[in-house]
Amino acid sequence: MGTAPPGRPPAPGTPRVRRLLGAAAFPALFVGLVVGMTQLPEFGDPASPASTHLSPRFIEDAAAETGAANMVTAVLADYRGYDTLGEAAVIFAAGLGCLVILAAAGARPDPPGAGMSHPFGSVVLDAATRILVPVVLLFAVYVLIHGHVSPGGGFQGGVLFGSGLIMMRLVWGPAHEGRAHQPAVPAFGPGLRGSLVLACAGILAYVGIGLAAMAFGGEFLNYGTLPLGGDPAHVRELATLGIEAAVFLTVAGTVAVLFDTISIGMRESGAPLPPGDGDSA
Amino acid sequence: MTIYAFAAALFTLGIAGMALLPNLLRKLLAMNVMQVAVIVFFVSLAFKDGATVPILGQGGAPRAAEFMNPLPHTLMLTAIVVSVSTTGLALGLLVRIRSRFRTLNEQRLLDRLR
């Protein structure tokens, strides 16, 4: 625990007493939470308020109205599309924030490629990555387009795709430079700038679907009116896939942007800290 | 009931870690533990005895008693990814703090800020 360095004015009460008093607050919090939870409906109770309000409507009508067998996808991209737009915007904003904090603050408009400063680069890792990365990226797209009928969708697929991008950066190093140690590795995948473009394209596509619905006479994101042919449920199914794809791009791009900016920031932040200053303590 | 107590224990651990640990990175990890507690609690509210996952299989019209509540799953699905990206943003802030003040220890940081 942090002890005050000499020269700092002493705070009222000894540190030990204050820390004990503070620590005693947390058992009290736990007891309070458990006492409050005794008032909750029994675990698994089908008649609990959470299961009787709104959710029967979702369960019984979602498949007929949206064409998605996976009700979670139907709720995510259709009934609560507005909420999901907000979530995607939060994720995108987090990526932008990290970019502003780290990459932009480094005062270098075009950082020399993103990735680990010291790629691992062994033969075994290289071979394994060549085999694994296509599988991971393909599986991500599968998870995205299968989200209608099985667990999956834009968020999960996007994170998977992003992890594939990160795997390449970890093993092969920066996306657009520093391949001298392994000239045989093909350049593949978006760098920091490309990831940012992916994320922007995703959020713009999401808003674009919402505005297109308005242009064809619906409300914002009420995309049943889009002229995609077929019955309304089929139109909603297609538009839901569009929404999921937009979320996919946003999440995949943002995950890669976060990794790139943090690795750039770490590279520029210099040597490890002395013990006790934070890297280990 | 047990799962609620488990969520409460995780939540308490997370809050206590955020308050008591001296290192900012550990505080961030403790905040993640707290977020996981909220997610566990939310998803446990979706559970219904005798119901299955909210994905329509073969068969006739779905009845509400047959499937679990899809709404908490939806909310937590997005919450998990949002927590990943906010954690990334927090890590970015930590990197800046580390390079500027050369410490992640809360007390030393406060001393250096004076």
# chains A, B, ... in the order shown; residues from 1 in each chain; ligands from 1

call {"tool": "residues_around", "arguments": {"residues": "B:Leu75", "least_positions_apart": "3", "cutoff": "12 Å", "atoms": "only C-alpha atoms", "output": "ChimeraX atom specification"}}
result
/A:72-73,75-77,80-81,83-84,86-87,155 /B:38-40,42-43,45-46,69-72,78-82

call {"tool": "residues_around", "arguments": {"residues": "stretch 142-146 of chain A", "least_positions_apart": "6", "cutoff": "9 Å", "atoms": "only C-alpha atoms", "output": "PDB file with N, CA and C atoms, in the first residue's frame"}}
result
ATOM      1  N   GLY A 152     -24.634 -14.876 -32.073  1.00  0.00           N
ATOM      2  CA  GLY A 152     -23.670 -14.146 -32.888  1.00  0.00           C
ATOM      3  C   GLY A 152     -24.256 -12.816 -33.296  1.00  0.00           C
ATOM      4  N   GLY A 153     -23.530 -12.135 -34.161  1.00  0.00           N
ATOM      5  CA  GLY A 153     -23.986 -10.827 -34.592  1.00  0.00           C
ATOM      6  C   GLY A 153     -22.807  -9.893 -34.750  1.00  0.00           C
ATOM      7  N   GLY A 154     -23.101  -8.627 -34.913  1.00  0.00           N
ATOM      8  CA  GLY A 154     -22.073  -7.658 -35.230  1.00  0.00           C
ATOM      9  C   GLY A 154     -21.070  -7.445 -34.115  1.00  0.00           C
ATOM     10  N   PHE A 155     -21.523  -7.380 -32.882  1.00  0.00           N
ATOM     11  CA  PHE A 155     -20.596  -7.110 -31.779  1.00  0.00           C
ATOM     12  C   PHE A 155     -19.606  -8.256 -31.616  1.00  0.00           C
ATOM     13  N   GLN A 156     -20.158  -9.494 -31.566  1.00  0.00           N
ATOM     14  CA  GLN A 156     -19.269 -10.643 -31.349  1.00  0.00           C
ATOM     15  C   GLN A 156     -18.326 -10.820 -32.532  1.00  0.00           C
ATOM     16  N   GLY A 157     -18.895 -10.777 -33.746  1.00  0.00           N
ATOM     17  CA  GLY A 157     -18.059 -10.944 -34.927  1.00  0.00           C
ATOM     18  C   GLY A 157     -17.014  -9.846 -35.032  1.00  0.00           C
ATOM     19  N   GLY A 158     -17.407  -8.614 -34.686  1.00  0.00           N
ATOM     20  CA  GLY A 158     -16.470  -7.503 -34.764  1.00  0.00           C
ATOM     21  C   GLY A 158     -15.298  -7.683 -33.820  1.00  0.00           C
ATOM     22  N   LEU A 160     -14.184 -10.527 -32.703  1.00  0.00           N
ATOM     23  CA  LEU A 160     -13.362 -11.617 -33.241  1.00  0.00           C
ATOM     24  C   LEU A 160     -12.464 -11.109 -34.362  1.00  0.00           C
ATOM     25  N   LEU A 241     -29.440  -7.352 -40.996  1.00  0.00           N
ATOM     26  CA  LEU A 241     -28.085  -7.792 -41.359  1.00  0.00           C
ATOM     27  C   LEU A 241     -27.204  -6.577 -41.675  1.00  0.00           C
ATOM     28  N   GLU A 244     -26.185  -5.051 -38.437  1.00  0.00           N
ATOM     29  CA  GLU A 244     -25.167  -5.871 -37.781  1.00  0.00           C
ATOM     30  C   GLU A 244     -23.815  -5.693 -38.466  1.00  0.00           C
ATOM     31  N   ALA A 245     -23.844  -5.601 -39.807  1.00  0.00           N
ATOM     32  CA  ALA A 245     -22.580  -5.416 -40.526  1.00  0.00           C
ATOM     33  C   ALA A 245     -21.965  -4.071 -40.159  1.00  0.00           C
ATOM     34  N   PHE A 248     -20.421  -4.424 -36.880  1.00  0.00           N
ATOM     35  CA  PHE A 248     -19.215  -5.245 -37.079  1.00  0.00           C
ATOM     36  C   PHE A 248     -18.029  -4.369 -37.474  1.00  0.00           C
TER      37      PHE A 248
END

call {"tool": "residues_around", "arguments": {"residues": "B:Leu10", "least_positions_apart": "2", "cutoff": "9 Å", "atoms": "only C-alpha atoms", "output": "PyMOL selection string"}}
result
chain B and resi 5-8+12-15+33-34+36-38

call {"tool": "closest_residue", "arguments": {"among": "A:Met71, A:Val149, A:Val17, A:Ala205", "to": "B:Met68", "atoms": "only C-alpha atoms"}}
result
A:Met71

call {"tool": "select_by_dssp", "arguments": {"residues": "stretch 7-105 of chain B", "states": "strand (DSSP E or B)", "output": "NGL selection string"}}
result
:B and (23 or 52 or 55 or 67 or 105)

call {"tool": "closest_atom_pairs", "arguments": {"of": "stretch 5-50 of chain B", "to": "stretch 33-45 of chain A", "cutoff": "6 Å", "atoms": "only C-alpha atoms", "output": "CSV"}}
result
residue,atom,partner,partner_atom,distance
B:Ala5,CA,A:Val34,CA,5.9
B:Phe47,CA,A:Gly44,CA,4.9
B:Lys48,CA,A:Gly44,CA,4.1
B:Asp49,CA,A:Gly44,CA,4.8

call {"tool": "write_last_selection", "arguments": {"atoms": "C-alpha atoms", "output": "PDB file, in the first residue's frame"}}
result
ATOM      1  CA  ALA B   5     -25.091 -13.197  -3.538  1.00  0.00           C
ATOM      2  CA  PHE B  47     -33.299 -16.910 -16.445  1.00  0.00           C
ATOM      3  CA  LYS B  48     -36.635 -18.735 -16.409  1.00  0.00           C
ATOM      4  CA  ASP B  49     -37.183 -22.240 -15.036  1.00  0.00           C
TER       5      ASP B  49
END

call {"tool": "residues_around", "arguments": {"residues": "A:Met167", "least_positions_apart": "3", "cutoff": "8 Å", "atoms": "only C-alpha atoms", "output": "JSON, numbers by chain"}}
result
{"A": [129, 133, 163, 164, 170, 171]}

call {"tool": "closest_residue", "arguments": {"among": "B:Pro62, B:Gly50, B:Pro22, B:Gly17", "to": "B:Leu104", "atoms": "only C-alpha atoms"}}
result
B:Pro22

call {"tool": "residues_around", "arguments": {"residues": "stretch 215-217 of chain A", "least_positions_apart": "6", "cutoff": "10 Å", "atoms": "only C-alpha atoms", "output": "list in words"}}
result
Ile209, Tyr223, Gly224, Thr225, Leu226 and Pro227 of chain A

call {"tool": "decode", "arguments": {"residues": "stretch 81-92 of chain A", "atoms": "all heavy atoms", "output": "short mmCIF file (atom, residue, chain, number, x, y, z; two decimals), in the first residue's frame"}}
result
data_model
loop_
_atom_site.label_atom_id
_atom_site.label_comp_id
_atom_site.auth_asym_id
_atom_site.auth_seq_id
_atom_site.Cartn_x
_atom_site.Cartn_y
_atom_site.Cartn_z
N GLY A 81 -32.94 -0.65 -32.01
CA GLY A 81 -31.91 -0.16 -32.93
C GLY A 81 -31.34 1.18 -32.51
O GLY A 81 -30.16 1.45 -32.70
N TYR A 82 -32.18 2.01 -31.94
CA TYR A 82 -31.73 3.33 -31.51
C TYR A 82 -30.69 3.21 -30.40
O TYR A 82 -29.65 3.88 -30.42
CB TYR A 82 -32.94 4.10 -31.00
CG TYR A 82 -32.94 5.56 -31.31
CD1 TYR A 82 -33.44 6.03 -32.52
CD2 TYR A 82 -32.44 6.47 -30.41
CE1 TYR A 82 -33.43 7.37 -32.82
CE2 TYR A 82 -32.44 7.82 -30.70
CZ TYR A 82 -32.92 8.26 -31.90
OH TYR A 82 -32.90 9.58 -32.19
N ASP A 83 -30.98 2.31 -29.45
CA ASP A 83 -30.06 2.08 -28.34
C ASP A 83 -28.73 1.55 -28.86
O ASP A 83 -27.65 1.98 -28.44
CB ASP A 83 -30.70 1.08 -27.38
CG ASP A 83 -29.80 0.71 -26.23
OD1 ASP A 83 -29.15 1.61 -25.72
OD2 ASP A 83 -29.76 -0.47 -25.86
N THR A 84 -28.81 0.61 -29.83
CA THR A 84 -27.59 0.02 -30.36
C THR A 84 -26.77 1.06 -31.12
O THR A 84 -25.53 1.02 -31.09
CB THR A 84 -27.95 -1.16 -31.27
OG1 THR A 84 -28.79 -2.04 -30.54
CG2 THR A 84 -26.72 -1.91 -31.71
N LEU A 85 -27.44 1.99 -31.78
CA LEU A 85 -26.70 3.08 -32.42
C LEU A 85 -25.90 3.86 -31.38
O LEU A 85 -24.73 4.20 -31.60
CB LEU A 85 -27.67 4.02 -33.14
CG LEU A 85 -27.05 5.28 -33.74
CD1 LEU A 85 -26.01 4.95 -34.77
CD2 LEU A 85 -28.12 6.18 -34.35
N GLY A 86 -26.54 4.10 -30.22
CA GLY A 86 -25.83 4.79 -29.15
C GLY A 86 -24.62 4.01 -28.67
O GLY A 86 -23.53 4.56 -28.45
N GLU A 87 -24.80 2.69 -28.51
CA GLU A 87 -23.69 1.86 -28.03
C GLU A 87 -22.53 1.89 -29.03
O GLU A 87 -21.36 2.02 -28.65
CB GLU A 87 -24.15 0.41 -27.86
CG GLU A 87 -25.41 0.24 -27.04
CD GLU A 87 -25.13 0.01 -25.58
OE1 GLU A 87 -24.00 0.26 -25.18
OE2 GLU A 87 -26.06 -0.40 -24.86
N ALA A 88 -22.89 1.75 -30.33
CA ALA A 88 -21.84 1.78 -31.35
C ALA A 88 -21.13 3.13 -31.32
O ALA A 88 -19.90 3.20 -31.48
CB ALA A 88 -22.44 1.50 -32.72
N ALA A 89 -21.88 4.21 -31.09
CA ALA A 89 -21.27 5.53 -31.04
C ALA A 89 -20.34 5.64 -29.84
O ALA A 89 -19.27 6.27 -29.93
CB ALA A 89 -22.34 6.61 -31.00
N VAL A 90 -20.72 5.02 -28.71
CA VAL A 90 -19.85 5.06 -27.53
C VAL A 90 -18.54 4.35 -27.82
O VAL A 90 -17.45 4.85 -27.51
CB VAL A 90 -20.56 4.41 -26.32
CG1 VAL A 90 -19.57 4.17 -25.19
CG2 VAL A 90 -21.68 5.28 -25.83
N ILE A 91 -18.64 3.17 -28.47
CA ILE A 91 -17.43 2.42 -28.81
C ILE A 91 -16.54 3.23 -29.74
O ILE A 91 -15.32 3.35 -29.55
CB ILE A 91 -17.83 1.07 -29.43
CG1 ILE A 91 -18.50 0.21 -28.37
CG2 ILE A 91 -16.65 0.37 -30.05
CD1 ILE A 91 -19.24 -0.96 -28.94
N PHE A 92 -17.16 3.81 -30.76
CA PHE A 92 -16.42 4.62 -31.72
C PHE A 92 -15.76 5.81 -31.02
O PHE A 92 -14.59 6.13 -31.28
CB PHE A 92 -17.39 5.10 -32.81
CG PHE A 92 -16.77 5.95 -33.86
CD1 PHE A 92 -15.79 5.43 -34.68
CD2 PHE A 92 -17.17 7.25 -34.05
CE1 PHE A 92 -15.21 6.21 -35.67
CE2 PHE A 92 -16.60 8.04 -35.02
CZ PHE A 92 -15.61 7.51 -35.83
#
